[in-house]
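K.L.:
I have a structure I would like to understand better, so I am pasting it below and will then ask my questions one at a time.
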Amino acid sequence: MLTIKDLKASVEEKQILNGLNFEVKPGEVHAIMGPNGSGKSTLASVLAGREEYEVTGGEVMFNGEDLLEMSPEDRARAGVFLAFQYPVEIPGVSNANFLKTAVNEVRKSKGLEVLDSKQFLKIMQEKMKLVEMDKAMTQRSVNEGFSGGEKKRNEIFQMAMLEPSLAILDETDSGLDIDALRIVANGVNALRDGKRSFIVITHYQRLLDYIVPDFVHVLYKGRIVKSGTKDLALELEEKGYDWIKEEVDATLNA
Amino acid sequence: MSTLQETKNTILISAVFENWVNASPRVNAFAATIQEAAHSFLKQGIPTTKHEEWKYTNVTKLATTDFQISANNNTLKKVDVKEMKVTADAVIVVLENGVVNKEASNLEALPKGIHIGSIHDMLDNAVVKKHFLQHADYKTEPFVALNTATFSDAVCIIADANVEMETPIQLMMVNTCFEYCDYVPVRILVVADKNASIHVVETFESFSHTNSIFVNAVSEVVVAENAKVNYVKLQDDPLNTTHINYHRVAMARDSYQHLTTLSLGGGLVRNNLNIRLGDVNCTAYLNGLTVARHKQLVDHHTAVDHAMPHCYSNELYKNLIDDQAQGVFNGKIFVRKDAQKTNAFQSNKNLLLSDDAIMNAKPQLEIFADDVKCSHGATIGQLDDESLFYLRARGIGEDAARALLNHAFAAEVMEGIAHEGVKEKMLDILNDKLK
């Protein structure tokens, strides 16, 4: 589904990704962990098409298409979803209106009929249950005045509405208390259907107790330096990142 | 051909204007006032950019354009204006080239206590006699003077005491002149007597897109004790139009007025709003929106005059300026010595959508009372890139995302429109504009 080969990217002339290789098959859940500044969020931003990030080398193929050639909206329409680390507040645009526009743009791009208000409302009510979202939240402006937890729930709600084939969760657990974390994780798990793939970017192992990954990768200095199963996350939780850093730095210096 | 004349005192006036003004009065019942206004115009002339109030808005080309005064030929029928109605049930009064067109209007079944018509048919109305030409100041406003000296017809809307009318009254100004550069003086009087409540909507349309049009409109609005006037001005003229508008509201005690000015069209638009909170416990809202593109220039000059204590005013102006367009906001608030316990607020927010767009913002507060709450704020910025990316990351195309954000910015101004049907129509028009 997603194949990343030797990806290099920089922001403000500073190289962050240094030849990253990575593959995601349908239905897989990959966790990407790593110390601060290792390039986790850069990877998410590059995949979603943020313009400040310059790709300086390598390729990203998504279902046989060159993802890097696509605009952010075309990536979303093709089935890539990024749950933002810091969701944006957009005063004056209601959540419901925003989502209806988004869902219908995605449907149009797939040659599907656009939903009318009634059909949309029905689907929305179903998906709201997934993240225990109340109706008032859908009427409010996008993320305006939402708490951190509400914003993250809203991201997962949008994901449920847009039904992507690949979802990238960028530190969705940061700033969440345990109840919000559970709600968000339940929402994600409900969307695991054996076909949809996830890249879960996180700093802490905690989230992975709820969203159990098939693979865990450690990102350091812009490369994946170690991969394993969920046990790797537990090991990192226990031992920290220093032993990996030492291992990698020793190899680099050798 | 018009000849440009500059007198010794560098007063800018053209022979065309001079001839019209000298040919007044056109409504004999008010001859004295009209002649005074004529003299006043000849003294003031067309303002140049040396005049502080016209610094950013150059209207001197008016003195060199070969205008003719609009012909009194009414051509429109009811069916022609149907599409332009703000709501299906609206009471329509059509001013075709500044002259009331009864046939196109629907004034046949007005509610009891509501009087609408041409000044020529309402000269006997005591309220008209009392207020007509009495509120807009021609001595200091050159275009009020010109209007007063040149109008040949006027619309009067009178709501008797205690009459509450929920159906909107639409003043539909339509220009149908194709043959020459046209000067259209528009004169309006609106009076809501004690405890009355009305909704008024002004709309401006033009079928002529080629010759220069100069609309010079003056609205006098009187809100009597405990009366309520909700007023919307929709300006969607084509680019060939210079639209100068003076809107004066005189408020009595416990009265309420809500005014929304939507400037969505016109080559050069100047709105002069002058709200006088003349007695205690008045409430005045002024909302304004500009959507300017191409080389449009839209100038909002507002003056809110707190003369008496315990009044409230709130101003919200938003400007979306694109291409090489220019916006001006000049918001004056006066709080007179007697106007203690005044609450006066002003907010002006501007989005510049291109590198060449220009916005001039000038809040101006003059406060002579010492126990007041007043604030003002002005911001100028661009569309937020992060918001734009967020929308695009959800599959919304770049153009649609921009339109959505622009609409969200502008829609706040519409929120205050009290009549749901009118609000809906205005939002539709805005949507089309931002596509």
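As shown in the structure tokens, the chain order sets the letters A, B, ...; within each chain, residues go from 1, and ligands are also counted from 1 in the order they appear.
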Please, which residues in chain A fall within 8 Å of chain B when counting only C-alpha atoms, and what is the closest atom pair and distance in Å to one decimal for each, ordered by chain then residue number, as a Markdown table?
P.N.:
| residue | atom | partner | partner_atom | distance |
| --- | --- | --- | --- | --- |
| A:Ala48 | CA | B:Ala393 | CA | 6.8 |
| A:Arg50 | CA | B:Phe389 | CA | 7.2 |
| A:Pro72 | CA | B:Ala393 | CA | 5.3 |
| A:Glu73 | CA | B:Gly395 | CA | 4.1 |
| A:Asp74 | CA | B:Gly395 | CA | 6.5 |
| A:Arg75 | CA | B:Gly395 | CA | 7.5 |
| A:Ala76 | CA | B:Gly395 | CA | 4.8 |
| A:Arg77 | CA | B:Gly395 | CA | 5.3 |
| A:Phe81 | CA | B:Arg394 | CA | 7.3 |
| A:Leu82 | CA | B:Ala393 | CA | 7.2 |
| A:Pro87 | CA | B:Tyr390 | CA | 7.8 |
| A:Val88 | CA | B:Ser387 | CA | 6.1 |
| A:Glu89 | CA | B:Ser387 | CA | 7.5 |
| A:Ile90 | CA | B:Ser387 | CA | 6.6 |
| A:Pro91 | CA | B:Ala408 | CA | 6.9 |
| A:Gly92 | CA | B:Ala408 | CA | 4.4 |
| A:Val93 | CA | B:Ala408 | CA | 5.6 |
| A:Thr101 | CA | B:Ile396 | CA | 7.0 |
| A:Ala102 | CA | B:Ile396 | CA | 5.4 |
| A:Val103 | CA | B:Gly395 | CA | 7.7 |
| A:Glu105 | CA | B:Ile396 | CA | 6.0 |
| A:Val106 | CA | B:Gly395 | CA | 5.9 |
| A:Leu162 | CA | B:Arg394 | CA | 8.0 |
K.L.:
From stretch 247-303 of chain B, collect each residue whose DSSP state is strand (DSSP E or B) and return the set as a ChimeraX atom specification.
P.N.:
/B:247-251,256-263,268-277,283-292,297-303
K.L.:
Could you please write out, as number ranges by chain, every residue of stretch 7-254 of chain A that DSSP assigns to helix (DSSP H, G or I)?
P.N.:
A: 40-48, 67-69, 72-78, 95-109, 117-130, 135-139, 148-162, 178-190, 206-210, 230-239, 242-253
K.L.:
Atoms to include: C-alpha atoms. Write the selected residues as a tab-separated table (two decimals), in the first residue's frame.
P.N.:
chain	number	residue	atom	x	y	z
A	40	LYS	CA	8.61	11.59	13.54
A	41	SER	CA	6.42	14.61	12.86
A	42	THR	CA	8.42	15.50	9.77
A	43	LEU	CA	7.54	12.11	8.33
A	44	ALA	CA	3.84	12.74	9.02
A	45	SER	CA	4.03	16.22	7.48
A	46	VAL	CA	5.84	15.02	4.37
A	47	LEU	CA	3.28	12.26	3.83
A	48	ALA	CA	0.38	14.71	4.19
A	67	LEU	CA	2.37	10.38	-3.48
A	68	LEU	CA	4.91	13.20	-3.47
A	69	GLU	CA	3.57	14.50	-6.78
A	72	PRO	CA	-2.57	17.68	-0.10
A	73	GLU	CA	-6.22	17.49	-1.18
A	74	ASP	CA	-5.48	14.78	-3.75
A	75	ARG	CA	-3.68	12.72	-1.13
A	76	ALA	CA	-6.71	13.01	1.15
A	77	ARG	CA	-9.01	12.03	-1.73
A	78	ALA	CA	-6.77	9.06	-2.52
A	95	ASN	CA	-17.76	21.20	12.17
A	96	ALA	CA	-20.75	19.72	10.36
A	97	ASN	CA	-20.48	22.02	7.35
A	98	PHE	CA	-16.73	21.45	7.13
A	99	LEU	CA	-17.12	17.69	7.21
A	100	LYS	CA	-19.96	17.66	4.73
A	101	THR	CA	-17.82	19.65	2.29
A	102	ALA	CA	-14.85	17.33	2.88
A	103	VAL	CA	-16.82	14.09	2.61
A	104	ASN	CA	-18.50	15.23	-0.58
A	105	GLU	CA	-15.25	16.39	-2.16
A	106	VAL	CA	-13.77	12.97	-1.46
A	107	ARG	CA	-16.88	11.25	-2.84
A	108	LYS	CA	-16.84	13.41	-5.96
A	109	SER	CA	-13.23	12.48	-6.63
A	117	SER	CA	-28.05	16.80	4.22
A	118	LYS	CA	-30.25	13.97	5.42
A	119	GLN	CA	-27.92	11.19	4.30
A	120	PHE	CA	-24.95	13.04	5.71
A	121	LEU	CA	-26.65	13.54	9.07
A	122	LYS	CA	-27.41	9.84	9.33
A	123	ILE	CA	-23.81	8.83	8.73
A	124	MET	CA	-22.58	11.54	11.06
A	125	GLN	CA	-24.78	10.33	13.89
A	126	GLU	CA	-23.43	6.80	13.51
A	127	LYS	CA	-19.82	7.92	13.58
A	128	MET	CA	-20.31	10.31	16.47
A	129	LYS	CA	-20.95	7.31	18.70
A	130	LEU	CA	-17.49	5.95	17.92
A	135	LYS	CA	-24.28	16.84	18.90
A	136	ALA	CA	-23.34	20.29	20.21
A	137	MET	CA	-19.73	19.66	19.19
A	138	THR	CA	-20.70	19.16	15.57
A	139	GLN	CA	-22.56	22.47	15.52
A	148	GLY	CA	-7.08	19.24	23.88
A	149	GLY	CA	-8.95	15.96	24.29
A	150	GLU	CA	-11.95	17.19	22.31
A	151	LYS	CA	-9.70	18.28	19.47
A	152	LYS	CA	-8.09	14.84	19.28
A	153	ARG	CA	-11.50	13.16	19.42
A	154	ASN	CA	-12.58	15.43	16.59
A	155	GLU	CA	-9.60	14.22	14.53
A	156	ILE	CA	-10.66	10.61	14.98
A	157	PHE	CA	-14.26	11.56	14.23
A	158	GLN	CA	-13.12	13.14	10.95
A	159	MET	CA	-11.15	10.00	10.18
A	160	ALA	CA	-14.27	7.90	10.75
A	161	MET	CA	-16.24	10.15	8.41
A	162	LEU	CA	-13.64	10.18	5.64
A	178	ILE	CA	-6.51	8.42	30.47
A	179	ASP	CA	-10.24	8.67	29.68
A	180	ALA	CA	-9.67	10.69	26.52
A	181	LEU	CA	-6.92	8.27	25.53
A	182	ARG	CA	-9.31	5.33	25.90
A	183	ILE	CA	-12.01	7.07	23.83
A	184	VAL	CA	-9.57	7.92	21.07
A	185	ALA	CA	-8.08	4.40	21.06
A	186	ASN	CA	-11.52	2.80	20.97
A	187	GLY	CA	-12.39	4.97	17.99
A	188	VAL	CA	-9.25	3.86	16.18
A	189	ASN	CA	-9.76	0.19	17.04
A	190	ALA	CA	-13.32	0.31	15.74
A	206	ARG	CA	1.10	4.05	26.78
A	207	LEU	CA	-1.05	4.46	23.66
A	208	LEU	CA	0.14	1.09	22.36
A	209	ASP	CA	-1.51	-0.65	25.30
A	210	TYR	CA	-4.78	0.41	23.70
A	230	LYS	CA	5.01	-4.67	20.23
A	231	ASP	CA	7.59	-6.05	22.65
A	232	LEU	CA	10.07	-3.49	21.35
A	233	ALA	CA	7.80	-0.73	22.63
A	234	LEU	CA	7.78	-2.30	26.07
A	235	GLU	CA	11.55	-2.58	26.02
A	236	LEU	CA	11.81	1.12	25.09
A	237	GLU	CA	9.45	2.04	27.88
A	238	GLU	CA	11.65	0.20	30.32
A	239	LYS	CA	15.11	1.14	29.04
A	242	ASP	CA	19.83	5.80	25.12
A	243	TRP	CA	20.89	2.22	24.39
A	244	ILE	CA	19.59	2.56	20.83
A	245	LYS	CA	21.26	5.92	20.36
A	246	GLU	CA	24.56	4.45	21.57
A	247	GLU	CA	24.20	1.46	19.26
A	248	VAL	CA	23.48	3.65	16.25
A	249	ASP	CA	26.09	6.29	17.02
A	250	ALA	CA	28.71	3.58	17.48
A	251	THR	CA	27.89	2.14	14.05
A	252	LEU	CA	27.95	5.60	12.48
A	253	ASN	CA	31.30	6.43	14.03
K.L.:
Please provide the set of residues having any atom within 7 Å of stretch 26-29 of chain A, restricted to only C-alpha atoms, with same-chain residues fewer than 4 positions apart removed, written as a compact mmCIF listing (two decimals) with C-alpha atoms, in the first residue's frame.
P.N.:
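File written: part.txt
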# COMPACT_ATOMS: atom_id res chain seq x y z
CA MET A 1 0.00 0.00 0.00
CA ASP A 193 -11.09 -3.68 9.65
CA GLY A 194 -8.20 -5.73 8.30
CA LYS A 195 -7.87 -3.53 5.21
CA ARG A 196 -7.29 -0.07 6.62
CA SER A 197 -3.71 0.61 7.64
CA PHE A 198 -2.40 2.86 10.40
CA ILE A 199 0.84 4.61 11.16
CA PRO A 213 0.55 -2.49 16.73
CA ASP A 214 1.75 -5.22 14.39
CA PHE A 215 5.17 -3.59 14.10
K.L.:
Quick one: everything within 6 Å of stretch 164-181 of chain B, counting only C-alpha atoms, minus sequence neighbours fewer than 5 positions away in the same chain. Send it as a ChimeraX atom specification.
P.N.:
/B:67,90-97,196-208,211-213
K.L.:
Store the residues picked out above, limited to C-alpha atoms, as a PDB file, in the first residue's frame.
P.N.:
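So the final result, stored in selection_14.pdb, reads:
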ATOM      1  CA  PHE B  67     -22.874  62.968 -16.875  1.00  0.00           C
ATOM      2  CA  ALA B  90     -41.144  41.378   0.715  1.00  0.00           C
ATOM      3  CA  VAL B  91     -42.937  44.669   0.134  1.00  0.00           C
ATOM      4  CA  ILE B  92     -41.132  46.173  -2.840  1.00  0.00           C
ATOM      5  CA  VAL B  93     -40.711  49.794  -3.734  1.00  0.00           C
ATOM      6  CA  VAL B  94     -38.766  50.240  -6.940  1.00  0.00           C
ATOM      7  CA  LEU B  95     -36.740  53.346  -7.667  1.00  0.00           C
ATOM      8  CA  GLU B  96     -35.844  53.200 -11.313  1.00  0.00           C
ATOM      9  CA  ASN B  97     -33.063  55.688 -12.012  1.00  0.00           C
ATOM     10  CA  ALA B 196     -42.881  50.856  15.821  1.00  0.00           C
ATOM     11  CA  SER B 197     -40.654  48.115  14.430  1.00  0.00           C
ATOM     12  CA  ILE B 198     -39.638  47.583  10.801  1.00  0.00           C
ATOM     13  CA  HIS B 199     -37.131  45.796   8.594  1.00  0.00           C
ATOM     14  CA  VAL B 200     -35.780  47.750   5.632  1.00  0.00           C
ATOM     15  CA  VAL B 201     -33.477  46.465   2.913  1.00  0.00           C
ATOM     16  CA  GLU B 202     -31.863  48.694   0.301  1.00  0.00           C
ATOM     17  CA  THR B 203     -30.614  46.925  -2.795  1.00  0.00           C
ATOM     18  CA  PHE B 204     -28.768  48.495  -5.701  1.00  0.00           C
ATOM     19  CA  GLU B 205     -28.674  46.913  -9.112  1.00  0.00           C
ATOM     20  CA  SER B 206     -27.781  48.098 -12.540  1.00  0.00           C
ATOM     21  CA  PHE B 207     -28.540  46.750 -15.981  1.00  0.00           C
ATOM     22  CA  SER B 208     -25.962  49.053 -17.482  1.00  0.00           C
ATOM     23  CA  ASN B 211     -21.312  53.897 -19.347  1.00  0.00           C
ATOM     24  CA  SER B 212     -20.209  55.584 -16.139  1.00  0.00           C
ATOM     25  CA  ILE B 213     -22.925  55.717 -13.513  1.00  0.00           C
TER      26      ILE B 213
END
K.L.:
Can you tell me which residues surround B:Ala136 at a distance of at most 7 Å, considering only C-alpha atoms, apart from same-chain residues fewer than 5 positions away, and format the answer as a list of chain:residue names?
P.N.:
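Listing them by chain and then by number gives B:Val144, B:Glu220, B:Arg248.
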K.L.:
Just to be explicit: take each residue in the selection above, keep C-alpha atoms, and write the result as a PDB file, in the first residue's frame.
P.N.:
ATOM      1  CA  VAL B 144     -25.669  65.582   0.582  1.00  0.00           C
ATOM      2  CA  GLU B 220     -32.520  59.765   6.449  1.00  0.00           C
ATOM      3  CA  ARG B 248     -28.108  59.413   8.694  1.00  0.00           C
TER       4      ARG B 248
END
K.L.:
From the set B:Ile358, B:Val27, B:Ala339, B:Val79, which residue has the shortest atom-to-atom contact distance to B:Ser118, counting only C-alpha atoms?
P.N.:
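Of all the options, B:Val27 lies closest to B:Ser118.
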K.L.:
Choose the residue, out of A:Ala31, A:Ile4, A:Ser141, A:Ile201, that has the smallest atom-to-atom separation from A:Gly64; count only C-alpha atoms.
P.N.:
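Among the listed residues, A:Ile4 lies closest to A:Gly64.
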K.L.:
For atom CA of A:Val218 and atom CA of A:Asn21, determine how far apart the two atoms are, in Å to one decimal place.
P.N.:
11.9 Å
K.L.:
Between atom CA of B:Val127 and atom CA of B:Ser219, what is the distance in Å, rounded to a tenth?
P.N.:
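Value for the atom CA of B:Val127-atom CA of B:Ser219 distance: 15.6 Å.
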K.L.:
Identify, on the basis of only C-alpha atoms, every residue whose closest approach to A:Tyr53 does not exceed 7 Å; exclude the query and any residue fewer than 2 positions from it along the same chain; express the result as a list of chain:residue names.
P.N.:
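Listing them by chain and then by number gives A:Ala9, A:Ser10, A:Val11, A:Val46, A:Arg50, A:Glu51, A:Val55.
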K.L.:
Can I get the selected residues back with C-alpha atoms, as a compact mmCIF listing (two decimals), in the first residue's frame?
P.N.:
# COMPACT_ATOMS: atom_id res chain seq x y z
CA ALA A 9 13.52 15.78 3.54
CA SER A 10 14.48 19.08 5.03
CA VAL A 11 12.76 22.03 6.60
CA VAL A 46 5.84 15.02 4.37
CA ARG A 50 2.86 20.16 4.01
CA GLU A 51 4.55 22.71 1.78
CA VAL A 55 11.70 16.47 -0.19
K.L.:
Compile the contact shell of A:Glu59 as a VMD selection string: residues with an atom at most 7 Å away, counting only C-alpha atoms, same-chain residues fewer than 3 positions apart removed.
P.N.:
chain A and resid 4 to 7
K.L.:
Next, write the just-selected residues to a file, as a CSV table (one decimal), in the first residue's frame, keeping N, CA and C atoms as the atom set.
P.N.:
chain,number,residue,atom,x,y,z
A,4,ILE,N,8.0,3.5,1.1
A,4,ILE,CA,8.9,4.7,1.2
A,4,ILE,C,10.3,4.2,1.0
A,5,LYS,N,11.0,4.8,0.0
A,5,LYS,CA,12.3,4.4,-0.3
A,5,LYS,C,13.3,5.6,-0.2
A,6,ASP,N,14.3,5.4,0.7
A,6,ASP,CA,15.4,6.3,0.8
A,6,ASP,C,14.9,7.8,0.9
A,7,LEU,N,13.9,8.0,1.7
A,7,LEU,CA,13.3,9.4,1.7
A,7,LEU,C,14.1,10.4,2.5
K.L.:
Calculated over only C-alpha atoms, which of the candidates A:Gln205, A:Thr172, A:Gln15, A:Ser165 has the smallest distance to A:Leu191?
P.N.:
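With only C-alpha atoms as the atom set, the closest residue is A:Ser165.
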K.L.:
So how many Å separate atom CA of B:Leu277 and atom CA of B:Val191, to one decimal?
P.N.:
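Distance reported for this atom pair: 15.3 Å.
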K.L.:
Which residue out of B:Val155, B:Val291, B:Ala23, B:Leu42 has the minimum interatomic distance to B:Ala357 when only C-alpha atoms are used?
P.N.:
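Ranking B:Val155, B:Val291, B:Ala23, B:Leu42 by distance to B:Ala357, first place goes to B:Val291.
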